[in-house]
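Colleague: For reference, the file input-v5.csv (CSV, C-alpha atoms) is included below:
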chain,number,residue,atom,x,y,z
T,175,MET,CA,40.0,12.3,7.3
T,176,ALA,CA,38.5,11.7,10.8
T,177,GLY,CA,37.3,14.9,12.4
T,178,ARG,CA,37.1,16.8,9.1
T,179,SER,CA,33.8,18.0,7.7
T,180,TRP,CA,32.6,17.4,4.2
T,181,ARG,CA,33.5,21.0,3.4
T,182,GLU,CA,37.1,20.6,4.4
T,183,SER,CA,37.6,17.3,2.6
T,184,GLY,CA,36.1,18.6,-0.7
T,185,SER,CA,33.5,15.8,-0.7
T,186,ALA,CA,30.4,16.2,-2.8
T,187,ARG,CA,28.2,14.8,0.0
T,188,PRO,CA,25.4,17.4,-0.3
T,189,ALA,CA,25.0,16.8,-4.0
T,190,ALA,CA,24.8,13.0,-3.5
T,191,LEU,CA,22.3,13.4,-0.7
T,192,LEU,CA,20.2,15.7,-2.9
T,193,ALA,CA,20.3,13.3,-5.8
T,194,ARG,CA,19.3,10.4,-3.5
T,195,ARG,CA,16.4,12.3,-2.0
T,196,SER,CA,15.3,13.4,-5.5
T,197,SER,CA,15.2,9.8,-6.7
T,198,TRP,CA,13.1,8.8,-3.7
T,199,LEU,CA,10.7,11.7,-4.3
T,200,LEU,CA,10.5,10.8,-8.0
T,201,LEU,CA,9.7,7.2,-7.0
T,202,ALA,CA,7.0,8.3,-4.6
T,203,VAL,CA,5.4,10.5,-7.3
T,204,VAL,CA,5.5,7.6,-9.9
T,205,VAL,CA,3.9,5.2,-7.4
T,206,ALA,CA,1.2,7.7,-6.4
T,207,VAL,CA,0.4,8.4,-10.1
T,208,ALA,CA,0.3,4.7,-10.9
T,209,LEU,CA,-2.0,4.0,-8.0
T,210,ALA,CA,-4.3,6.9,-8.9
T,211,LEU,CA,-4.5,5.8,-12.6
T,212,GLY,CA,-5.0,2.1,-11.5
T,213,SER,CA,-7.8,2.9,-9.2
T,214,ALA,CA,-9.7,5.3,-11.5
T,215,HIS,CA,-11.8,3.1,-13.7
T,216,ARG,CA,-15.0,3.4,-15.5
T,217,GLY,CA,-17.9,1.2,-14.5
T,218,PRO,CA,-19.3,-1.6,-16.6
T,219,GLU,CA,-20.7,-0.4,-19.9
T,220,THR,CA,-23.1,-3.1,-21.1
T,221,GLU,CA,-26.3,-3.8,-19.3
T,222,ALA,CA,-25.3,-7.4,-18.6
T,223,ALA,CA,-22.0,-6.2,-17.1
T,224,ARG,CA,-23.8,-3.6,-15.0
T,225,ILE,CA,-26.3,-6.2,-13.8
T,226,ALA,CA,-23.5,-8.6,-12.9
T,227,ASN,CA,-21.7,-5.8,-11.0
T,228,LEU,CA,-24.8,-4.8,-9.1
T,229,ASP,CA,-25.6,-8.4,-8.3
T,230,GLY,CA,-22.1,-8.7,-6.8
T,231,ILE,CA,-22.4,-5.7,-4.5
T,232,ILE,CA,-25.9,-6.2,-3.3
T,233,LYS,CA,-26.2,-8.4,-0.3
T,234,CYS,CA,-28.8,-11.2,-0.1
T,235,PRO,CA,-31.5,-10.0,2.3
T,236,VAL,CA,-31.8,-13.4,4.1
T,237,CYS,CA,-28.1,-14.6,3.8
T,238,ALA,CA,-25.1,-13.7,5.9
T,239,ASN,CA,-22.7,-11.6,3.9
T,240,VAL,CA,-23.4,-13.2,0.6
T,241,SER,CA,-24.2,-11.3,-2.6
T,242,ILE,CA,-27.4,-12.0,-4.5
T,243,ALA,CA,-25.2,-13.3,-7.3
T,244,GLN,CA,-23.9,-16.0,-5.0
T,245,SER,CA,-27.2,-17.0,-3.3
T,246,ASP,CA,-30.0,-19.3,-4.5
T,247,ALA,CA,-32.4,-18.1,-1.9
T,248,GLN,CA,-35.8,-17.1,-3.3
T,249,GLN,CA,-35.5,-13.5,-2.1
T,250,ALA,CA,-32.0,-13.2,-3.8
T,251,VAL,CA,-33.5,-14.6,-7.0
T,252,ASN,CA,-36.4,-12.1,-6.8
T,253,LEU,CA,-34.0,-9.2,-6.1
T,254,ARG,CA,-31.7,-10.2,-9.0
T,255,ALA,CA,-34.8,-10.1,-11.3
T,256,LYS,CA,-35.7,-6.7,-9.9
T,257,VAL,CA,-32.2,-5.3,-10.4
T,258,ALA,CA,-32.2,-6.6,-14.0
T,259,ALA,CA,-35.6,-5.0,-14.6
T,260,LEU,CA,-34.4,-1.7,-13.2
T,261,VAL,CA,-31.3,-1.7,-15.4
T,262,HIS,CA,-33.2,-2.7,-18.5
T,263,GLY,CA,-35.7,0.1,-17.6
T,264,GLY,CA,-32.9,2.7,-17.9
T,265,ARG,CA,-32.1,3.2,-14.2
T,266,SER,CA,-28.5,4.1,-13.3
T,267,ASP,CA,-26.4,2.1,-10.9
T,268,ALA,CA,-26.8,4.8,-8.3
T,269,GLU,CA,-30.6,4.6,-8.7
T,270,VAL,CA,-30.6,0.8,-8.4
T,271,GLU,CA,-28.5,1.0,-5.2
T,272,ALA,CA,-30.8,3.7,-3.8
T,273,TYR,CA,-33.8,1.5,-4.5
T,274,VAL,CA,-32.1,-1.4,-2.6
T,275,VAL,CA,-31.1,0.9,0.3
T,276,ALA,CA,-34.6,2.4,0.5
T,277,ARG,CA,-36.1,-1.1,0.6
T,278,PHE,CA,-33.6,-3.0,2.8
T,279,GLY,CA,-31.3,-0.5,4.4
T,280,THR,CA,-27.7,0.5,4.0
T,281,ALA,CA,-26.4,-2.8,5.2
T,282,GLU,CA,-27.5,-4.5,2.0
T,283,LEU,CA,-24.6,-3.1,0.0
T,284,LEU,CA,-21.4,-5.1,0.3
T,285,ARG,CA,-19.2,-2.1,-0.1
T,286,PRO,CA,-18.7,0.8,2.3
T,287,SER,CA,-20.7,3.8,1.4
T,288,ASN,CA,-18.9,6.0,3.9
T,289,ALA,CA,-15.9,7.8,2.5
T,290,VAL,CA,-14.1,7.6,5.9
T,291,LEU,CA,-13.8,3.8,5.4
T,292,TRP,CA,-11.9,4.4,2.2
T,293,ILE,CA,-9.7,7.2,3.5
T,294,LEU,CA,-8.7,5.6,6.8
T,295,PRO,CA,-6.3,3.0,5.3
T,296,VAL,CA,-4.6,5.6,3.1
T,297,ALA,CA,-4.3,8.0,6.0
T,298,GLY,CA,-2.9,5.3,8.2
T,299,GLY,CA,-0.3,4.4,5.6
T,300,ALA,CA,0.7,8.0,5.3
T,301,VAL,CA,1.1,8.4,9.0
T,302,ALA,CA,3.1,5.2,9.2
T,303,ALA,CA,5.4,6.3,6.4
T,304,ALA,CA,5.9,9.7,8.0
T,305,ALA,CA,6.7,8.1,11.4
T,306,LEU,CA,9.2,5.8,9.7
T,307,GLY,CA,10.8,8.8,8.0
T,308,VAL,CA,11.1,10.6,11.3
T,309,VAL,CA,12.7,7.5,12.9
T,310,LEU,CA,15.2,7.1,10.0
T,311,VAL,CA,16.1,10.8,10.0
T,312,ARG,CA,16.7,10.8,13.8
T,313,ARG,CA,18.7,7.6,13.6
T,314,ARG,CA,20.9,9.0,10.9
T,315,ALA,CA,21.3,12.3,12.7
T,316,SER,CA,22.3,10.6,15.9
T,317,GLY,CA,25.0,8.6,14.2
T,318,ARG,CA,26.9,11.5,12.6
T,319,GLY,CA,29.1,12.1,15.7
T,320,LEU,CA,30.3,8.5,15.8
T,321,VAL,CA,34.0,8.1,15.1
T,322,ALA,CA,36.0,4.8,15.0
T,323,GLU,CA,38.3,4.2,17.9
T,324,PRO,CA,42.1,3.8,17.1
T,325,GLY,CA,42.0,0.0,17.8
T,326,ASP,CA,38.8,-0.7,15.9
T,327,GLU,CA,40.4,-1.0,12.4
T,328,SER,CA,42.9,-3.5,13.7
T,329,LEU,CA,40.2,-5.6,15.3
T,330,VAL,CA,38.2,-5.7,12.1
T,331,SER,CA,41.3,-6.5,10.0
T,332,ALA,CA,42.1,-9.4,12.5
T,333,ALA,CA,38.6,-10.8,12.3
T,334,LEU,CA,38.5,-10.7,8.5
T,335,ALA,CA,41.9,-12.4,8.3
T,336,ASP,CA,40.8,-15.0,10.8
T,337,ARG,CA,37.6,-15.7,8.8
T,338,ALA,CA,39.6,-16.0,5.5
T,339,ARG,CA,42.0,-18.4,7.2
T,340,VAL,CA,39.2,-20.7,8.6
T,341,ALA,CA,37.2,-21.1,5.3
T,342,PRO,CA,38.5,-19.1,2.3
T,343,GLY,CA,35.7,-18.4,-0.1
T,344,HIS,CA,33.0,-20.0,2.1
T,345,LEU,CA,30.5,-18.8,4.7
T,346,GLY,CA,31.7,-18.7,8.2
T,347,ALA,CA,30.3,-20.8,11.0
T,348,THR,CA,27.8,-18.0,11.9
T,349,GLY,CA,26.3,-18.2,8.4
T,350,GLY,CA,27.4,-14.6,7.5
T,351,PRO,CA,29.4,-13.6,4.4
Let me see whether you can do it: turn the structure in this file into structure tokens.
Modeller:
Amino acid sequence: MAGRSWRESGSARPAALLARRSSWLLLAVVVAVALALGSAHRGPETEAARIANLDGIIKCPVCANVSIAQSDAQQAVNLRAKVAALVHGGRSDAEVEAYVVARFGTAELLRPSNAVLWILPVAGGAVAAAALGVVLVRRRASGRGLVAEPGDESLVSAALADRARVAPGHLGATGGP
């Protein structure tokens, strides 16, 4: 069999390779859809839930990276009351956030407002996955020309027989199977 191509040997290698790649593609599509569905969610619907959500994303003006929901500082208490009044007055979440930004600046929101900050991790993951794919394809392509030497099979057989003689059914001294 050594030296013969898959065409000469009658092997179904291309079909198996296509099936394997198709299964990986299907897995990638399923994961992408699951992530998209899992991340798309509607905001809180009740006023109390909206107020709690806003209190959790608005930073306390006098505290270091603490939301107004977590702070007992007087300015945080006053801002919580203002947020509640705005929500009860019919303002949307975006309008309440705009009020806070206009009064205190963009640093008062505890979530990134710039889309780049949301896209960078996804883009970085995609680049890393593509690089890993290129490395694996190149590694596989470079190994296609390797052929076992005539003495290799006898060396492997001798090593396996020696291992079985030393400890049959147990792990060898190196900890391997």
Colleague: Which residues are close to region 226-238 of chain T, i.e. within 6 Å by only C-alpha atoms, leaving aside same-chain residues fewer than 3 positions away? Reply as a list of chain:residue names.
Modeller: T:Ala223, T:Ser241, T:Ile242, T:Ala243, T:Ala250, T:Glu282, T:Leu283, T:Leu284
Colleague: Just the selected residues (C-alpha atoms), exported as a PDB file, in the coordinates of the input, please.
Modeller:
ATOM      1  CA  ALA T 223     -22.000  -6.200 -17.100  1.00  0.00           C
ATOM      2  CA  SER T 241     -24.200 -11.300  -2.600  1.00  0.00           C
ATOM      3  CA  ILE T 242     -27.400 -12.000  -4.500  1.00  0.00           C
ATOM      4  CA  ALA T 243     -25.200 -13.300  -7.300  1.00  0.00           C
ATOM      5  CA  ALA T 250     -32.000 -13.200  -3.800  1.00  0.00           C
ATOM      6  CA  GLU T 282     -27.500  -4.500   2.000  1.00  0.00           C
ATOM      7  CA  LEU T 283     -24.600  -3.100   0.000  1.00  0.00           C
ATOM      8  CA  LEU T 284     -21.400  -5.100   0.300  1.00  0.00           C
TER       9      LEU T 284
END
Colleague: Can you work out which one of T:Val205, T:Phe278, T:Ala304, T:Ala210 has the shortest atom-to-atom distance to Gln249 (chain T), counting only C-alpha atoms?
Modeller: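 Of T:Val205, T:Phe278, T:Ala304, T:Ala210, the one nearest Gln249 (chain T), counting only C-alpha atoms, is T:Phe278.
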Colleague: Rounded to one decimal, what separation in Å do you get between CA of Ile293 (chain T) and CA of Leu200 (chain T)?
Modeller: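 Separation between CA of Ile293 (chain T) and CA of Leu200 (chain T): 23.5 Å.
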Colleague: Quick check, in Å to one decimal: how far apart do CA of Val275 (chain T) and CA of Lys256 (chain T) lie?
Modeller: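 The value is 13.5 Å.
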Colleague: CA of Trp292 (chain T) and CA of Leu209 (chain T) are how many Å apart?
Modeller: 14.2 Å
